[in-house]
>>> print(open('work02.csv').read())   # CSV, C-alpha atoms
chain,number,residue,atom,x,y,z
A,16,MET,CA,-8.7,28.3,5.8
A,17,SER,CA,-6.6,29.9,3.0
A,18,ASP,CA,-8.3,31.9,0.3
A,19,MET,CA,-6.2,29.9,-2.2
A,20,ALA,CA,-7.5,26.5,-1.0
A,21,ASN,CA,-9.5,25.8,-4.1
A,22,ILE,CA,-6.9,26.9,-6.6
A,23,ASP,CA,-6.6,23.4,-8.1
A,24,LEU,CA,-10.3,22.8,-8.3
A,25,PRO,CA,-11.9,24.3,-11.5
A,26,TYR,CA,-15.6,24.9,-11.6
A,27,VAL,CA,-15.8,25.8,-7.9
A,28,GLU,CA,-17.5,29.0,-7.0
A,29,LYS,CA,-16.8,30.5,-3.6
A,30,ASN,CA,-19.5,32.7,-2.0
A,31,LYS,CA,-19.6,34.2,1.5
A,32,SER,CA,-23.0,34.5,3.1
A,33,ARG,CA,-24.2,37.6,5.0
A,34,HIS,CA,-23.4,35.7,8.2
A,35,GLY,CA,-19.8,35.3,7.1
A,36,THR,CA,-19.8,31.6,6.4
A,37,MET,CA,-18.3,30.3,3.2
A,38,ARG,CA,-20.4,28.5,0.7
A,39,TYR,CA,-19.2,26.5,-2.3
A,40,TYR,CA,-21.0,25.7,-5.5
A,41,PHE,CA,-20.2,23.6,-8.5
A,42,ARG,CA,-20.5,25.9,-11.5
A,43,ILE,CA,-20.3,25.2,-15.3
A,44,ASP,CA,-20.4,27.7,-18.1
A,45,GLY,CA,-21.8,30.4,-15.8
A,46,LYS,CA,-24.5,28.3,-14.2
A,47,ARG,CA,-24.6,26.7,-10.7
A,48,VAL,CA,-25.0,22.9,-10.9
A,49,CYS,CA,-25.2,22.1,-7.2
A,50,ARG,CA,-24.0,23.2,-3.7
A,51,LEU,CA,-20.9,21.5,-2.2
A,52,PRO,CA,-20.1,20.7,1.4
A,53,ALA,CA,-18.8,23.6,3.6
A,54,ASP,CA,-15.4,22.2,4.4
A,55,ILE,CA,-13.3,22.4,1.3
A,56,ASP,CA,-10.4,20.4,2.9
A,57,SER,CA,-12.6,17.4,3.8
A,58,GLU,CA,-12.9,14.0,2.0
A,59,GLU,CA,-16.6,14.6,1.9
A,60,PHE,CA,-16.1,17.8,-0.2
A,61,ALA,CA,-13.7,15.9,-2.6
A,62,ALA,CA,-16.2,13.1,-3.0
A,63,ALA,CA,-19.1,15.5,-3.7
A,64,TYR,CA,-17.0,17.6,-6.1
A,65,TRP,CA,-15.9,14.6,-8.2
A,66,LYS,CA,-19.4,13.1,-8.2
A,67,ALA,CA,-20.7,16.4,-9.6
A,68,ARG,CA,-17.8,16.8,-12.0
A,69,ASN,CA,-18.2,13.3,-13.4
A,70,ALA,CA,-21.9,13.8,-13.8
A,71,ALA,CA,-21.3,17.1,-15.6
A,72,ALA,CA,-18.7,15.7,-18.0
A,73,PRO,CA,-20.8,16.4,-21.1
A,74,LEU,CA,-21.4,20.0,-20.0
A,75,ILE,CA,-17.7,20.5,-19.3
A,76,GLU,CA,-16.8,19.1,-22.7
A,77,ARG,CA,-19.2,21.4,-24.5
A,78,ALA,CA,-18.1,24.4,-22.5
A,79,GLY,CA,-14.5,23.6,-23.2
A,80,GLU,CA,-14.7,23.2,-26.9
A,81,ALA,CA,-12.1,25.1,-28.7
A,82,LYS,CA,-13.4,28.2,-30.4
A,83,PRO,CA,-11.7,29.3,-33.7
A,84,ILE,CA,-9.5,32.4,-33.1
A,85,SER,CA,-10.1,33.5,-36.7
A,86,VAL,CA,-12.0,32.1,-39.7
A,87,ILE,CA,-9.4,33.3,-42.1
A,88,VAL,CA,-5.8,32.0,-42.1
A,89,LYS,CA,-3.6,34.2,-44.3
A,90,PRO,CA,-1.2,32.2,-46.5
A,91,ASP,CA,2.4,32.5,-45.5
A,92,SER,CA,1.6,34.1,-42.2
A,93,PHE,CA,2.8,33.0,-38.8
A,94,ARG,CA,-0.6,31.5,-38.0
A,95,TRP,CA,-0.4,29.6,-41.3
A,96,LEU,CA,3.0,28.2,-40.4
A,97,CYS,CA,1.7,27.1,-37.0
A,98,MET,CA,-1.3,25.3,-38.7
A,99,GLU,CA,1.2,23.5,-41.0
A,100,TYR,CA,3.2,22.4,-37.9
A,101,MET,CA,0.0,21.1,-36.2
A,102,ARG,CA,-0.7,19.0,-39.3
A,103,SER,CA,2.8,17.6,-39.5
A,104,ASN,CA,3.9,14.1,-38.4
A,105,GLU,CA,6.2,15.8,-35.8
A,106,PHE,CA,3.1,17.2,-34.0
A,107,THR,CA,0.5,14.5,-34.6
A,108,GLY,CA,2.9,11.8,-33.4
A,109,LEU,CA,3.0,13.3,-30.0
A,110,ASP,CA,0.8,12.1,-27.1
A,111,ILE,CA,-2.6,13.9,-27.1
A,112,THR,CA,-1.8,15.6,-23.8
A,113,THR,CA,1.5,17.0,-25.2
A,114,GLN,CA,-0.4,18.1,-28.3
A,115,THR,CA,-3.0,19.9,-26.2
A,116,ARG,CA,-0.3,21.7,-24.2
A,117,ARG,CA,1.6,22.8,-27.3
A,118,ARG,CA,-1.6,23.9,-29.0
A,119,ASN,CA,-2.5,26.1,-26.0
A,120,ILE,CA,1.0,27.7,-26.1
A,121,ILE,CA,0.8,28.4,-29.8
A,122,GLU,CA,-2.7,29.9,-29.5
A,123,ALA,CA,-1.5,32.1,-26.6
A,124,ILE,CA,1.4,33.3,-28.8
A,125,TRP,CA,-1.0,34.2,-31.6
A,126,LYS,CA,-2.7,36.7,-29.3
A,127,GLU,CA,0.6,38.5,-28.5
A,128,THR,CA,1.1,41.9,-30.0
A,129,LEU,CA,4.0,42.8,-32.3
A,130,SER,CA,5.5,45.2,-29.7
A,131,ASP,CA,4.6,47.3,-26.8
A,132,THR,CA,3.8,50.2,-29.2
A,133,ASP,CA,2.2,48.1,-32.0
A,134,PRO,CA,-1.1,46.5,-31.0
A,135,ARG,CA,-1.4,44.2,-34.0
A,136,GLN,CA,-1.5,40.5,-33.1
A,137,LEU,CA,1.4,38.3,-34.0
A,138,ALA,CA,-0.8,35.7,-35.6
A,139,ASP,CA,-1.2,37.3,-39.0
A,140,ILE,CA,2.3,38.8,-39.5
A,141,PRO,CA,3.7,37.7,-42.8
A,142,LEU,CA,6.6,35.2,-42.4
A,143,SER,CA,8.8,37.5,-44.6
A,144,LYS,CA,8.3,40.3,-42.1
A,145,MET,CA,8.9,38.2,-38.9
A,146,THR,CA,12.4,38.5,-37.4
A,147,ALA,CA,14.3,37.3,-34.3
A,148,VAL,CA,13.4,40.7,-32.7
A,149,HIS,CA,9.8,39.6,-32.5
A,150,ILE,CA,10.9,36.3,-30.8
A,151,GLU,CA,13.0,38.2,-28.3
A,152,HIS,CA,10.0,40.4,-27.5
A,153,LEU,CA,8.0,37.3,-26.7
A,154,ARG,CA,10.8,35.9,-24.6
A,155,ASP,CA,11.4,39.1,-22.6
A,156,ARG,CA,7.8,39.6,-21.8
A,157,LYS,CA,8.0,36.4,-19.7
A,158,LYS,CA,11.3,37.2,-18.1
A,159,ASN,CA,9.6,37.0,-14.7
A,160,VAL,CA,8.6,33.4,-15.4
A,161,PRO,CA,11.8,32.2,-17.2
A,162,PHE,CA,10.7,28.5,-17.3
A,163,ALA,CA,7.6,29.5,-19.3
A,164,ALA,CA,9.7,31.7,-21.5
A,165,ASP,CA,12.0,28.9,-22.3
A,166,GLU,CA,9.1,26.5,-23.0
A,167,HIS,CA,7.5,29.0,-25.4
A,168,LEU,CA,10.9,29.4,-27.2
A,169,LYS,CA,11.2,25.6,-27.4
A,170,VAL,CA,7.8,25.3,-29.1
A,171,LEU,CA,8.6,28.2,-31.5
A,172,ARG,CA,11.8,26.4,-32.6
A,173,GLN,CA,9.8,23.4,-33.5
A,174,VAL,CA,7.2,25.5,-35.3
A,175,PHE,CA,9.8,27.2,-37.4
A,176,ASN,CA,11.5,23.9,-38.2
A,177,THR,CA,8.3,22.7,-40.0
A,178,LYS,CA,8.9,21.2,-43.5
A,179,LYS,CA,6.7,20.9,-46.5
A,180,ASP,CA,7.5,18.6,-49.4
A,181,GLY,CA,10.8,17.7,-47.7
A,182,LYS,CA,12.0,21.3,-47.5
A,183,GLN,CA,12.0,23.7,-44.5
A,184,ILE,CA,9.2,26.3,-45.1
A,185,THR,CA,11.1,29.3,-43.6
A,186,PRO,CA,14.4,30.0,-41.8
A,187,ASN,CA,14.3,29.0,-38.2
A,188,ILE,CA,14.7,32.5,-36.7
A,189,ALA,CA,13.7,31.1,-33.2
A,190,ARG,CA,17.2,29.5,-33.1
A,191,LEU,CA,18.8,32.9,-33.2
A,192,VAL,CA,17.3,33.7,-29.8
A,193,SER,CA,18.9,32.4,-26.6
A,194,PRO,CA,16.8,30.9,-23.9
A,195,PHE,CA,17.1,32.1,-20.3
A,196,ASN,CA,18.2,28.5,-19.4
A,197,ALA,CA,16.5,28.7,-16.0
A,198,HIS,CA,17.4,25.9,-13.7
A,199,SER,CA,15.2,24.3,-11.1
A,200,ASP,CA,15.0,21.1,-9.1
A,201,GLY,CA,11.4,20.8,-10.3
A,202,HIS,CA,9.0,19.0,-8.0
A,203,GLU,CA,9.9,19.0,-4.4
A,204,THR,CA,11.1,15.7,-2.9
A,205,ALA,CA,8.7,14.0,-0.4
A,206,THR,CA,10.4,13.1,2.9
A,207,PRO,CA,9.5,10.1,5.2
A,208,GLU,CA,8.0,12.6,7.7
A,209,GLU,CA,5.7,14.0,5.1
A,210,LEU,CA,4.6,10.6,4.0
A,211,ALA,CA,3.8,9.7,7.6
A,212,ARG,CA,1.7,12.9,7.9
A,213,PHE,CA,-0.2,11.9,4.7
A,214,ILE,CA,-0.9,8.4,6.1
A,215,GLU,CA,-2.0,9.8,9.5
A,216,HIS,CA,-4.4,12.3,7.9
A,217,HIS,CA,-6.1,9.9,5.5
A,218,LYS,CA,-5.9,6.7,7.7
A,219,LEU,CA,-5.2,3.1,6.8
A,220,GLY,CA,-7.7,1.6,4.4
A,221,SER,CA,-8.5,4.8,2.6
A,222,LYS,CA,-8.2,5.2,-1.2
A,223,ALA,CA,-5.6,7.9,-0.6
A,224,VAL,CA,-3.3,5.6,1.4
A,225,LEU,CA,-3.8,2.8,-1.2
A,226,TYR,CA,-2.5,5.3,-3.8
A,227,LEU,CA,0.4,6.3,-1.6
A,228,SER,CA,1.4,2.7,-0.9
A,229,ILE,CA,1.6,1.9,-4.6
A,230,ALA,CA,3.5,5.1,-5.4
A,231,MET,CA,6.0,4.6,-2.5
A,232,TYR,CA,6.9,1.0,-3.5
A,233,THR,CA,6.9,1.3,-7.3
A,234,GLY,CA,7.6,5.0,-8.1
A,235,PHE,CA,5.1,4.9,-10.9
A,236,ARG,CA,4.0,8.1,-12.6
A,237,VAL,CA,0.3,9.2,-12.4
A,238,SER,CA,-0.2,7.9,-16.0
A,239,ASP,CA,0.9,4.5,-14.9
A,240,LEU,CA,-0.9,4.5,-11.5
A,241,ALA,CA,-4.2,5.2,-13.4
A,242,ALA,CA,-3.8,2.1,-15.5
A,243,LEU,CA,-2.2,-0.3,-13.0
A,244,GLY,CA,-4.4,-3.3,-12.2
A,245,PRO,CA,-4.3,-7.0,-11.3
A,246,GLN,CA,-4.0,-7.9,-15.0
A,247,HIS,CA,-0.5,-6.5,-14.9
A,248,ARG,CA,0.6,-8.9,-12.1
A,249,ARG,CA,2.8,-11.9,-12.9
A,250,LYS,CA,3.3,-13.8,-9.7
A,251,ASP,CA,5.3,-11.5,-7.5
A,252,ALA,CA,5.9,-8.7,-10.0
A,253,PHE,CA,4.2,-6.1,-12.1
A,254,LYS,CA,5.0,-6.2,-15.8
A,255,PHE,CA,3.6,-3.7,-18.3
A,256,ARG,CA,4.6,-0.9,-20.7
A,257,LEU,CA,5.1,2.5,-19.2
A,258,PHE,CA,2.7,5.2,-20.5
A,259,LYS,CA,5.4,7.9,-21.1
A,260,ASN,CA,7.0,7.7,-24.6
A,261,ARG,CA,5.0,4.5,-25.3
A,262,ASN,CA,4.6,5.5,-29.0
A,263,LYS,CA,8.1,6.8,-29.7
A,264,ALA,CA,10.5,4.9,-27.3
A,265,PRO,CA,8.5,2.3,-25.4
A,266,VAL,CA,9.8,0.9,-22.1
A,267,ASP,CA,8.6,-2.3,-20.6
A,268,ILE,CA,8.9,-2.5,-16.9
A,269,ASP,CA,9.3,-5.5,-14.6
A,270,ILE,CA,9.2,-4.6,-11.0
A,271,THR,CA,9.0,-6.9,-8.0
A,272,ILE,CA,6.1,-6.3,-5.6
A,273,HIS,CA,7.5,-5.2,-2.2
A,274,PRO,CA,6.1,-7.3,0.8
A,275,ILE,CA,4.6,-4.1,2.4
A,276,LEU,CA,2.8,-3.3,-0.8
A,277,GLU,CA,1.7,-6.9,-1.1
A,278,GLY,CA,0.2,-6.5,2.4
A,279,VAL,CA,-1.7,-3.3,1.5
A,280,LEU,CA,-3.1,-4.7,-1.7
A,281,ALA,CA,-4.4,-7.7,0.2
A,282,THR,CA,-6.6,-5.5,2.3
A,283,HIS,CA,-8.3,-3.8,-0.6
A,284,LYS,CA,-11.0,-5.7,-2.6
A,285,VAL,CA,-10.4,-5.4,-6.4
A,286,THR,CA,-13.6,-4.6,-8.3
A,287,ALA,CA,-12.3,-3.3,-11.6
A,288,LEU,CA,-9.4,-3.5,-14.0
A,289,THR,CA,-7.4,-1.0,-12.0
A,290,TYR,CA,-6.5,-0.8,-8.3
A,291,LEU,CA,-7.5,2.9,-8.1
A,292,VAL,CA,-11.1,3.7,-9.0
A,293,THR,CA,-13.6,6.5,-8.8
A,294,GLU,CA,-16.6,6.6,-6.5
A,295,TYR,CA,-18.5,4.9,-9.3
A,296,GLY,CA,-16.0,2.0,-9.3
A,297,LYS,CA,-14.6,3.1,-12.7
A,298,PRO,CA,-10.9,3.6,-13.6
A,299,PHE,CA,-9.7,7.1,-13.3
A,300,THR,CA,-8.6,9.1,-16.3
A,301,VAL,CA,-4.9,10.2,-16.0
A,302,LYS,CA,-6.0,13.8,-15.5
A,303,GLY,CA,-8.8,12.8,-13.1
A,304,LEU,CA,-6.4,10.8,-10.9
A,305,GLY,CA,-3.8,13.6,-11.0
A,306,ASN,CA,-6.4,16.1,-9.8
A,307,ARG,CA,-7.6,13.7,-7.1
A,308,ILE,CA,-4.0,13.1,-5.8
A,309,SER,CA,-3.6,16.9,-5.7
A,310,ASP,CA,-6.7,17.0,-3.5
A,311,TRP,CA,-5.4,14.4,-1.2
A,312,TRP,CA,-2.1,16.2,-0.7
A,313,ARG,CA,-3.9,19.5,-0.1
A,314,GLN,CA,-6.3,17.9,2.4
A,315,ALA,CA,-3.2,16.6,4.3
A,316,GLY,CA,-1.9,20.2,4.5
A,317,MET,CA,0.9,19.6,2.0
A,318,GLY,CA,-0.4,21.1,-1.2
A,319,HIS,CA,3.2,21.8,-2.3
A,320,LEU,CA,3.8,18.1,-2.9
A,321,THR,CA,2.7,16.0,-5.9
A,322,SER,CA,2.8,12.3,-6.9
A,323,HIS,CA,6.1,13.1,-8.6
A,324,SER,CA,7.4,14.2,-5.2
A,325,VAL,CA,6.9,10.6,-4.0
A,326,ARG,CA,8.7,9.3,-7.1
A,327,LYS,CA,11.7,11.6,-6.3
A,328,GLY,CA,11.6,10.6,-2.6
A,329,LEU,CA,11.7,6.9,-3.5
A,330,ALA,CA,14.7,7.5,-5.9
A,331,THR,CA,16.5,9.4,-3.1
A,332,ASP,CA,15.7,6.7,-0.5
A,333,VAL,CA,17.1,3.8,-2.5
A,334,ALA,CA,20.1,5.8,-3.6
A,335,HIS,CA,21.0,6.6,0.0
A,336,ASN,CA,20.6,2.8,0.7
A,337,GLU,CA,23.4,2.1,-1.9
A,338,ALA,CA,21.2,1.3,-5.0
A,339,THR,CA,23.4,1.6,-8.1
A,340,ASP,CA,22.7,3.5,-11.3
A,341,SER,CA,21.7,0.3,-13.0
A,342,MET,CA,19.3,-0.6,-10.2
A,343,LEU,CA,17.5,2.8,-10.5
A,344,GLU,CA,17.4,2.6,-14.3
A,345,ALA,CA,15.7,-0.8,-14.1
A,346,MET,CA,13.2,0.2,-11.5
A,347,PHE,CA,12.2,3.7,-12.9
A,348,GLY,CA,12.5,2.8,-16.6
A,349,TRP,CA,15.2,5.3,-17.3
A,350,ARG,CA,17.1,4.6,-20.5
A,351,ASP,CA,20.5,6.0,-19.4
A,352,ALA,CA,22.4,7.0,-16.3
A,353,LYS,CA,21.8,10.7,-16.7
A,354,THR,CA,18.8,10.8,-14.4
A,355,SER,CA,19.9,8.0,-12.0
A,356,LYS,CA,23.2,9.8,-11.4
A,357,ILE,CA,21.3,12.8,-10.0
A,358,TYR,CA,20.4,10.6,-7.1
A,359,THR,CA,23.4,8.2,-6.8
A,360,ARG,CA,25.8,11.2,-7.0
A,361,ASN,CA,24.1,13.0,-4.2
A,362,ALA,CA,24.0,9.9,-2.0
A,363,GLU,CA,27.6,9.1,-2.7
A,364,ARG,CA,28.6,12.7,-1.8
A,365,SER,CA,26.8,12.4,1.5
A,366,ARG,CA,28.5,9.0,2.3
A,367,LEU,CA,31.9,10.3,1.3
A,368,SER,CA,31.5,13.5,3.2
A,369,ARG,CA,30.6,11.6,6.4
A,370,GLN,CA,33.6,9.3,5.9
A,371,THR,CA,35.9,12.3,5.3
A,372,VAL,CA,34.7,14.1,8.4
A,373,ALA,CA,35.5,11.0,10.4
A,374,LYS,CA,39.1,11.3,9.2
A,375,ILE,CA,39.8,14.8,10.5
A,376,ASN,CA,42.7,14.6,12.9
A,377,TRP,CA,44.6,17.9,13.4
A,378,ASP,CA,47.2,16.0,15.4
A,379,GLY,CA,45.0,16.1,18.5
A,380,VAL,CA,44.7,19.9,18.6
A,381,GLY,CA,40.9,19.6,18.4
A,382,THR,CA,40.7,18.1,21.9
A,383,MET,CA,41.7,21.5,23.3
A,384,LEU,CA,38.3,22.8,22.1
A,385,LEU,CA,36.4,20.4,24.4
A,386,PRO,CA,35.6,21.0,28.1
A,387,ASN,CA,38.2,19.4,30.4
A,388,GLY,CA,40.3,18.5,27.5
A,389,GLU,CA,38.1,15.5,26.7
A,390,ASP,CA,39.9,13.1,24.3
A,391,GLU,CA,38.6,12.0,20.9
A,392,GLU,CA,37.4,8.6,22.3
A,393,GLY,CA,34.7,10.6,24.2
A,394,VAL,CA,33.3,12.1,21.0
A,395,ALA,CA,31.1,10.1,18.7
A,396,GLU,CA,31.8,9.9,15.0
A,397,CYS,CA,31.2,13.1,12.9
A,398,GLY,CA,31.6,15.3,15.9
A,399,THR,CA,28.5,14.4,18.0
A,400,ARG,CA,28.8,13.4,21.7
A,401,SER,CA,28.5,9.7,22.4
>>> encode(input="work02.csv", output="structure tokens")
Amino acid sequence: MSDMANIDLPYVEKNKSRHGTMRYYFRIDGKRVCRLPADIDSEEFAAAYWKARNAAAPLIERAGEAKPISVIVKPDSFRWLCMEYMRSNEFTGLDITTQTRRRNIIEAIWKETLSDTDPRQLADIPLSKMTAVHIEHLRDRKKNVPFAADEHLKVLRQVFNTKKDGKQITPNIARLVSPFNAHSDGHETATPEELARFIEHHKLGSKAVLYLSIAMYTGFRVSDLAALGPQHRRKDAFKFRLFKNRNKAPVDIDITIHPILEGVLATHKVTALTYLVTEYGKPFTVKGLGNRISDWWRQAGMGHLTSHSVRKGLATDVAHNEATDSMLEAMFGWRDAKTSKIYTRNAERSRLSRQTVAKINWDGVGTMLLPNGEDEEGVAECGTRS
């Protein structure tokens, strides 16, 4: 078992006994609540963990309450500007999860020092004294994690763009600093082989496989999987408003239920407003379902994969089976072809490459490379033996 096995499970204490066996406890605010099963990779462990976590929700909420960083906010300081931003319509109009993530970034920036030689915190620096050099310092301190550096810079640009009484409070010095522009493919793409391993590990009829079945044949995000239920069904299709951007640019989805998904749903008794429920028969929160899905992938030995990996795998699968940009946009709720072309372009390249290789001729010279001068009819398309 890896020492990193419980990295995605907060509130778990790992303790080795004098006999060398590993013991696990559920711990909140420095106090042990209960002992957990010994096998952290088992479904039994996951069930006990989430039972304890749900029961301890009030304790967790109290322990996680935000503590004020300072009781005094100096006028026209960087912290004051951030507070103005967090009161603005631009901030309060965001989803609560996005607000929380941005607030955490801002509060982390407050704790940064002015420079490597000046230990004063950035929070209380007067705006008139703050320059692009300070922003560059923040960026460069995260050069080993360029994606985080760029995300912090993005938030700072929004903070410095804050307006009051219709006028920008201060020049946007964050726009004078260039991002690292780090590129990544993001989440890994789940392959059919990996999906098969997941199913074999969790077994048919399990809640984990029910989740995977819905994800495989709809491509829904976790936020939509947590809400999806029989009330969204209209004959042979699911119809509802996607969670993402529902307040700013809502997208209503209409997706036909695949026969295989229809068969899976028929084997599961529906007892709530959602198909996926907790051990108590209650709907998951978005965060709760996301954590549980991470558990399921980890238990199957594929902790590097996420639910978004299944979404990417589905988009890849249909693109390679000649789905068009418009088809992908309709199914996944994308508003333009920018995202769909990522998948259709790659699929088209693969098809065109295969067709091009089949046209290589060399006026028959290639047959000299084969044993006994075998002719081209004895070789399968794309250079493999028939």
>>> closest_atom_pairs(input="work02.csv", of="region 174-204 of chain A", to="region 322-334 of chain A", cutoff="8 Å", atoms="all atoms listed in the file", output="JSON lines")
{"residue": "A:His202", "atom": "CA", "partner": "A:Ser324", "partner_atom": "CA", "distance": 5.8}
{"residue": "A:Glu203", "atom": "CA", "partner": "A:Ser324", "partner_atom": "CA", "distance": 5.5}
{"residue": "A:Thr204", "atom": "CA", "partner": "A:Ser324", "partner_atom": "CA", "distance": 4.6}
>>> residues_around(input="work02.csv", residues="Arg261 (chain A)", least_positions_apart="2", cutoff="12 Å", atoms="all atoms listed in the file", output="list in words")
Gly108, Leu109, Asp110, Ser238, Asp239, Phe255, Arg256, Leu257, Phe258, Lys259, Lys263, Ala264, Pro265, Val266, Asp267, Ile268 and Gly348 of chain A
>>> atom_distance(input="work02.csv", atom1="CA of Ala241 (chain A)", atom2="CA of Gly303 (chain A)")
8.9 Å
>>> closest_residue(input="work02.csv", among="A:Trp311, A:Tyr358, A:Ala70, A:Thr271", to="Ile55 (chain A)", atoms="all atoms listed in the file")
A:Trp311
>>> closest_residue(input="work02.csv", among="A:Thr115, A:Ser193, A:Asn30, A:Ser57", to="Gly316 (chain A)", atoms="only C-alpha atoms")
A:Ser57
>>> closest_residue(input="work02.csv", among="A:Arg369, A:Arg47, A:His319, A:Arg313", to="His216 (chain A)", atoms="only C-alpha atoms")
A:Arg313
>>> atom_distance(input="work02.csv", atom1="CA of Ala315 (chain A)", atom2="CA of Ile214 (chain A)")
8.7 Å
>>> closest_residue(input="work02.csv", among="A:Leu367, A:Ala147, A:Ala53, A:Ile43", to="Pro73 (chain A)", atoms="all atoms listed in the file")
A:Ile43
>>> residues_around(input="work02.csv", residues="Ala242 (chain A)", least_positions_apart="5", cutoff="12 Å", atoms="all atoms listed in the file", output="PyMOL selection string")
chain A and resi 235-237+247+253+255-258+287-292+297-302+304
>>> atom_distance(input="work02.csv", atom1="CA of Ala71 (chain A)", atom2="CA of Tyr26 (chain A)")
10.5 Å
